[in-house]
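Asker: This structure is in structure tokens; I'll ask about it shortly.
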Amino acid sequence: MLHRRHFLQLGSLGLSAFSFSSFRGTVIGQKPLVLSTWDAGIAANKAAWDVLRAGGRALDAVEQGVRVTEASLNCCVGLGANPDRDGFVTLDACIMDEFANCGSVAFLERIKHPVSVARRVMEKTPHVMLVGEGAQQFAVAEGFPLEKAELSDDAKRAYQNWLKKSEYKPVINIENSKKQDAFVPAKLENGEWNHDTIGMIALDAKGNLSGSCTTSGMGFKMRGRIGDSPIIGAGLYVDNEVGAAVATGQGEDIIRICGAHTIVELMRQGLSPEAACKKAMERLFKTKGPEKAKAIQAGFIAIGKNGEYGGYALQKGFNYAVCHADDKNFLVDAKPLI
């Protein structure tokens with residue numbers, strides 16, 4: 001239990017920690033609070049926390065937070081990431097607020113911040129999702145500059161190495177060929193999983209929830225492949241009465257179980273965020289099957305309306321970043337199912 005004086009000091013800053021009782025015992029909830037996937041979430045959380053600590057809206061926090069990752073040089077998010085198997089970087093993103101408003105873009109090229117385009121889709125169109133050339137046209141009309149269509153040095157090197165190993169050449173209907181080794185690798189050449197995403201969920205000082213998710217998808221994927229990240233209900237879901245959840249990992253399998261929505265519905269039934277993430281992961285494992293599940297990774301994180309949070313992984317190695325104070329921005333290793 002927090003000391004009363006410390007609790008009042010937090011409250012005077014618009015920040016609070018509170019305890020509540022449940023069938024799980026006494027739980028400490030935090031508000032404001034932001035969670036994001038993987039270690040890249042530490043830097044992303046800092047930008048989100050700047051918004052939250054000033055009393056800002058969770059929606060603004062989750063947009064500003066993941067923009068940090070989109071602007072960085074990394075394997076799996078933003079224009080500097082690994083390309084598809086034809087050599088083009090395509091981006092997917094979505095965002096959702098406390099009113100169930102949502103926006104999404106997929107197969108978007110040459111735009112630096114797809115999460116911000118997704119927010120414009122949400123706020124300025126009657127639609128939820130725009131894709132491909134149409135999404136790019138909309139972004140340009142909204143004032144987003146077209147970036148150069150070139151790979152970063154790291155991505156170019158990784159792509160050339162992949163081409164040597166896969167011997168892939170853009171051939172019509174190659175998918176029907178008996179030669180299958182040009183499909184995407186489960187892991188990158190450095191040993192990391194080939195599907196890391198930055199997903200972020202936040203609870204602001206007013207008790208409202210929002211979330212975002214952004215990715216370049218699998219490196220060397222089939223051109224046009226879309227994973228769970230831009231799909232509301234799969235990669236991200238927010239219900240302001242219950243909680244919010246976001247996913248990372250093998251998108252096809254997360255789509256199959258409507259991962260984020262499943263977690264929120266399990267929380268509605270009374271499960272804690274961690275327990276809901278675990279239950280959803282068990283469903284993914286059962287759907288995939290024990291042997292095939294060993295070859296993939298998936299991770300879930302969730303926040304309850306009460307400020308409780310948690311996460312779960314399919315296998316060891318998934319962590320997520322948590323921030324609820326200026327000096328409280330840390331990584332949590334999620335418990336693995338297998």
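Each chain of the structure tokens is named A, B, ... in the order shown, its residues numbered from 1; ligands are numbered from 1 in display order.
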Contacts of range 223-233 of chain A at 8 Å or less, counting only C-alpha atoms, minus same-chain residues fewer than 2 places along, as number ranges by chain?

Answerer: A: 84-86, 92-94, 102, 104-107, 197, 213-215, 217, 221, 235-237, 247-248, 250-252, 254-255, 258-262

Asker: Just checking: using only C-alpha atoms, which residue out of A:Gly41, A:Pro273, A:Gly219, A:Pro145 ends up closest to Phe88 in chain A?

Answerer: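 When distances to Phe88 in chain A are compared using only C-alpha atoms, the smallest one comes from A:Gly219.
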
Asker: Among range 53-116 of chain A, which residues does DSSP mark as helix (DSSP H, G or I) when it is run on the backbone? Keep the chain and numbering as in the structure and answer as a list in words.

Answerer: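 Those residues are Arg53, Ala58, Leu59, Asp60, Ala61, Val62, Glu63, Gln64, Gly65, Val66, Arg67, Val68, Thr69, Glu70, Ala71, Pro114, Val115 and Ser116 of chain A.
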
Asker: Would you write out those residues with N, CA, C and O atoms, as an mmCIF file, in the first residue's frame?

Answerer:
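Final file, selection-v4.cif:
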```cif
data_model
loop_
_atom_site.group_PDB
_atom_site.id
_atom_site.type_symbol
_atom_site.label_atom_id
_atom_site.label_comp_id
_atom_site.auth_asym_id
_atom_site.auth_seq_id
_atom_site.Cartn_x
_atom_site.Cartn_y
_atom_site.Cartn_z
ATOM 1 N N ARG A 53 2.018 12.862 -18.647
ATOM 2 C CA ARG A 53 2.339 13.536 -17.387
ATOM 3 C C ARG A 53 1.843 14.980 -17.377
ATOM 4 O O ARG A 53 1.660 15.583 -16.315
ATOM 5 N N ALA A 58 -4.743 10.125 -23.923
ATOM 6 C CA ALA A 58 -4.073 8.869 -24.255
ATOM 7 C C ALA A 58 -3.883 8.729 -25.761
ATOM 8 O O ALA A 58 -2.852 8.204 -26.220
ATOM 9 N N LEU A 59 -4.840 9.181 -26.544
ATOM 10 C CA LEU A 59 -4.732 9.096 -27.997
ATOM 11 C C LEU A 59 -3.495 9.823 -28.508
ATOM 12 O O LEU A 59 -2.768 9.314 -29.359
ATOM 13 N N ASP A 60 -3.254 11.024 -28.003
ATOM 14 C CA ASP A 60 -2.068 11.778 -28.422
ATOM 15 C C ASP A 60 -0.792 11.070 -27.979
ATOM 16 O O ASP A 60 0.215 11.061 -28.692
ATOM 17 N N ALA A 61 -0.847 10.484 -26.800
ATOM 18 C CA ALA A 61 0.331 9.789 -26.269
ATOM 19 C C ALA A 61 0.719 8.594 -27.136
ATOM 20 O O ALA A 61 1.901 8.417 -27.463
ATOM 21 N N VAL A 62 -0.267 7.773 -27.522
ATOM 22 C CA VAL A 62 0.074 6.572 -28.292
ATOM 23 C C VAL A 62 0.485 6.909 -29.721
ATOM 24 O O VAL A 62 1.227 6.137 -30.361
ATOM 25 N N GLU A 63 0.042 8.040 -30.243
ATOM 26 C CA GLU A 63 0.527 8.464 -31.555
ATOM 27 C C GLU A 63 1.966 8.961 -31.460
ATOM 28 O O GLU A 63 2.846 8.517 -32.207
ATOM 29 N N GLN A 64 2.216 9.886 -30.537
ATOM 30 C CA GLN A 64 3.549 10.460 -30.414
ATOM 31 C C GLN A 64 4.573 9.413 -30.005
ATOM 32 O O GLN A 64 5.737 9.462 -30.429
ATOM 33 N N GLY A 65 4.170 8.469 -29.188
ATOM 34 C CA GLY A 65 5.106 7.444 -28.733
ATOM 35 C C GLY A 65 5.640 6.590 -29.862
ATOM 36 O O GLY A 65 6.856 6.436 -30.028
ATOM 37 N N VAL A 66 4.766 6.021 -30.678
ATOM 38 C CA VAL A 66 5.246 5.110 -31.718
ATOM 39 C C VAL A 66 5.883 5.844 -32.894
ATOM 40 O O VAL A 66 6.630 5.242 -33.672
ATOM 41 N N ARG A 67 5.627 7.145 -33.016
ATOM 42 C CA ARG A 67 6.320 7.922 -34.046
ATOM 43 C C ARG A 67 7.839 7.903 -33.817
ATOM 44 O O ARG A 67 8.620 7.986 -34.766
ATOM 45 N N VAL A 68 8.241 7.785 -32.556
ATOM 46 C CA VAL A 68 9.673 7.691 -32.243
ATOM 47 C C VAL A 68 10.278 6.456 -32.904
ATOM 48 O O VAL A 68 11.351 6.514 -33.511
ATOM 49 N N THR A 69 9.582 5.335 -32.804
ATOM 50 C CA THR A 69 10.070 4.100 -33.410
ATOM 51 C C THR A 69 10.007 4.163 -34.926
ATOM 52 O O THR A 69 10.910 3.681 -35.619
ATOM 53 N N GLU A 70 8.950 4.753 -35.453
ATOM 54 C CA GLU A 70 8.835 4.902 -36.906
ATOM 55 C C GLU A 70 9.996 5.714 -37.487
ATOM 56 O O GLU A 70 10.419 5.481 -38.618
ATOM 57 N N ALA A 71 10.488 6.664 -36.721
ATOM 58 C CA ALA A 71 11.566 7.538 -37.198
ATOM 59 C C ALA A 71 12.952 6.943 -36.974
ATOM 60 O O ALA A 71 13.936 7.468 -37.496
ATOM 61 N N PRO A 114 3.163 6.302 -40.753
ATOM 62 C CA PRO A 114 1.863 5.708 -41.059
ATOM 63 C C PRO A 114 0.855 5.804 -39.920
ATOM 64 O O PRO A 114 -0.346 5.864 -40.161
ATOM 65 N N VAL A 115 1.317 5.835 -38.655
ATOM 66 C CA VAL A 115 0.360 5.929 -37.548
ATOM 67 C C VAL A 115 -0.400 7.247 -37.594
ATOM 68 O O VAL A 115 -1.599 7.306 -37.270
ATOM 69 N N SER A 116 0.277 8.314 -38.034
ATOM 70 C CA SER A 116 -0.393 9.611 -38.122
ATOM 71 C C SER A 116 -1.360 9.658 -39.300
ATOM 72 O O SER A 116 -2.395 10.325 -39.236
#
```

Asker: Per DSSP on the backbone, what are the strand (DSSP E) residues of range 291-326 of chain A, as a VMD selection string?

Answerer: chain A and resid 298 to 304 309 to 313 319 to 325

Asker: Nearest to Gly207 in chain A: which of A:Cys277, A:Leu33, A:Ala47, A:Ala321 is it, counting only C-alpha atoms?

Answerer: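 Checking each candidate against Gly207 in chain A, we get A:Leu33 as the closest.
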
Asker: Excluding Glu150 in chain A and residues on its chain fewer than 6 positions from it, collect all residues at most 10 Å away from it, counting only C-alpha atoms, and give them as an NGL selection string.

Answerer: :A and (79-80 or 83 or 87-89 or 110 or 156)

Asker: What would the file look like if the residues just selected were written as a compact mmCIF listing (two decimals), in the first residue's frame with N, CA, C and O atoms?

Answerer:
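Generated file (out_20.txt):
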```
# COMPACT_ATOMS: atom_id res chain seq x y z
N LEU A 79 10.37 3.33 -42.40
CA LEU A 79 10.92 3.25 -43.75
C LEU A 79 12.34 2.70 -43.80
O LEU A 79 12.81 2.30 -44.87
N GLY A 80 13.05 2.67 -42.68
CA GLY A 80 14.39 2.11 -42.66
C GLY A 80 14.43 0.61 -42.47
O GLY A 80 15.50 0.01 -42.41
N PRO A 83 12.73 -4.73 -46.44
CA PRO A 83 11.71 -4.65 -47.48
C PRO A 83 10.97 -5.97 -47.66
O PRO A 83 11.28 -6.98 -47.02
N GLY A 87 11.82 -5.99 -52.77
CA GLY A 87 12.71 -4.88 -52.48
C GLY A 87 12.05 -3.58 -52.09
O GLY A 87 12.70 -2.54 -52.06
N PHE A 88 10.76 -3.61 -51.74
CA PHE A 88 10.03 -2.40 -51.37
C PHE A 88 9.60 -2.45 -49.91
O PHE A 88 9.11 -3.48 -49.43
N VAL A 89 9.75 -1.35 -49.20
CA VAL A 89 9.28 -1.25 -47.82
C VAL A 89 7.82 -0.82 -47.82
O VAL A 89 7.47 0.22 -48.39
N ARG A 110 6.47 4.89 -48.79
CA ARG A 110 7.14 6.19 -48.89
C ARG A 110 6.53 7.27 -47.97
O ARG A 110 6.67 8.45 -48.24
N LYS A 156 19.35 -2.67 -47.05
CA LYS A 156 19.90 -3.07 -48.34
C LYS A 156 20.84 -4.26 -48.17
O LYS A 156 20.82 -5.23 -48.94
```

Asker: Hey, what's within 10 Å of Asp39 in chain A if we count only C-alpha atoms and toss same-chain stuff fewer than 3 positions away? As a list in words, please?

Answerer: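 So the residues in contact are Ser36, Ile42, Ala43, Ala44, Ile198, Phe318, Asn319, Tyr320, Ala321, Phe330, Leu331 and Val332 of chain A.
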
Asker: To one decimal place, how far is CA of Trp38 in chain A from CA of Gly317 in chain A in Å?

Answerer: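 Taking CA of Trp38 in chain A and CA of Gly317 in chain A, their separation equals 9.3 Å.
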
Asker: So which residues touch Asn82 in chain A within 10 Å, counting only C-alpha atoms, skipping near sequence neighbours fewer than 5 positions away, as an NGL selection string?

Answerer: :A and (74-77 or 87-90 or 151-152 or 154-159 or 188 or 194 or 216-221)

Asker: Just checking: using only C-alpha atoms, which residue out of A:Thr287, A:Gln269, A:Asn306, A:Ser210 ends up closest to Phe99 in chain A?

Answerer: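 Of A:Thr287, A:Gln269, A:Asn306, A:Ser210, the one nearest Phe99 in chain A is A:Ser210, counting only C-alpha atoms.
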
Asker: For CA of Glu282 in chain A and CA of Glu98 in chain A, quote the distance in Å rounded to one decimal.

Answerer: 27.9 Å

Asker: For Ser272 in chain A, list every protein, DNA or RNA residue within 8 Å, evaluated using only C-alpha atoms, and leave out those in the same chain fewer than 5 positions away; present the list as a list in words.

Answerer: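 Counting only the stated atoms, we get Met267, Gly304, Glu308, Tyr309 and Gly310 of chain A.
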
Asker: How would the residues just chosen look if you wrote them out with N, CA, C and O atoms as a compact mmCIF listing (two decimals), in the first residue's frame?

Answerer:
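Writing the result to again_14.txt gives the following:
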```txt
# COMPACT_ATOMS: atom_id res chain seq x y z
N MET A 267 -11.10 -9.93 -20.38
CA MET A 267 -11.06 -9.00 -19.25
C MET A 267 -12.47 -8.58 -18.86
O MET A 267 -12.77 -8.38 -17.67
N GLY A 304 -6.02 -2.88 -17.98
CA GLY A 304 -7.41 -2.84 -17.54
C GLY A 304 -7.84 -1.41 -17.24
O GLY A 304 -7.00 -0.54 -16.99
N GLU A 308 -4.56 -1.78 -13.89
CA GLU A 308 -3.78 -3.01 -13.80
C GLU A 308 -3.28 -3.37 -15.20
O GLU A 308 -3.94 -3.10 -16.20
N TYR A 309 -2.10 -3.98 -15.29
CA TYR A 309 -1.57 -4.32 -16.61
C TYR A 309 -0.90 -5.68 -16.57
O TYR A 309 -0.60 -6.23 -15.51
N GLY A 310 -0.64 -6.23 -17.75
CA GLY A 310 0.05 -7.51 -17.84
C GLY A 310 0.32 -7.90 -19.27
O GLY A 310 -0.11 -7.22 -20.21
```

Asker: Which is closer to Asp253 in chain A than all the others in A:Gly103, A:Gly143, A:Pro336, A:Gly289, using only C-alpha atoms?

Answerer: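 For Asp253 in chain A, the nearest of the given residues is A:Gly289.
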
Asker: Would you work out the distance separating CA of Lys305 in chain A from CA of His113 in chain A, expressed in Å to one decimal?

Answerer: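 CA of Lys305 in chain A sits 28.4 Å away from CA of His113 in chain A.
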
Asker: Of the candidates A:Leu35, A:Val128, A:Ala325, A:Ala139, which one gets nearest to Ala245 in chain A if we count only C-alpha atoms?

Answerer: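 Among the listed residues, the smallest separation from Ala245 in chain A belongs to A:Leu35.
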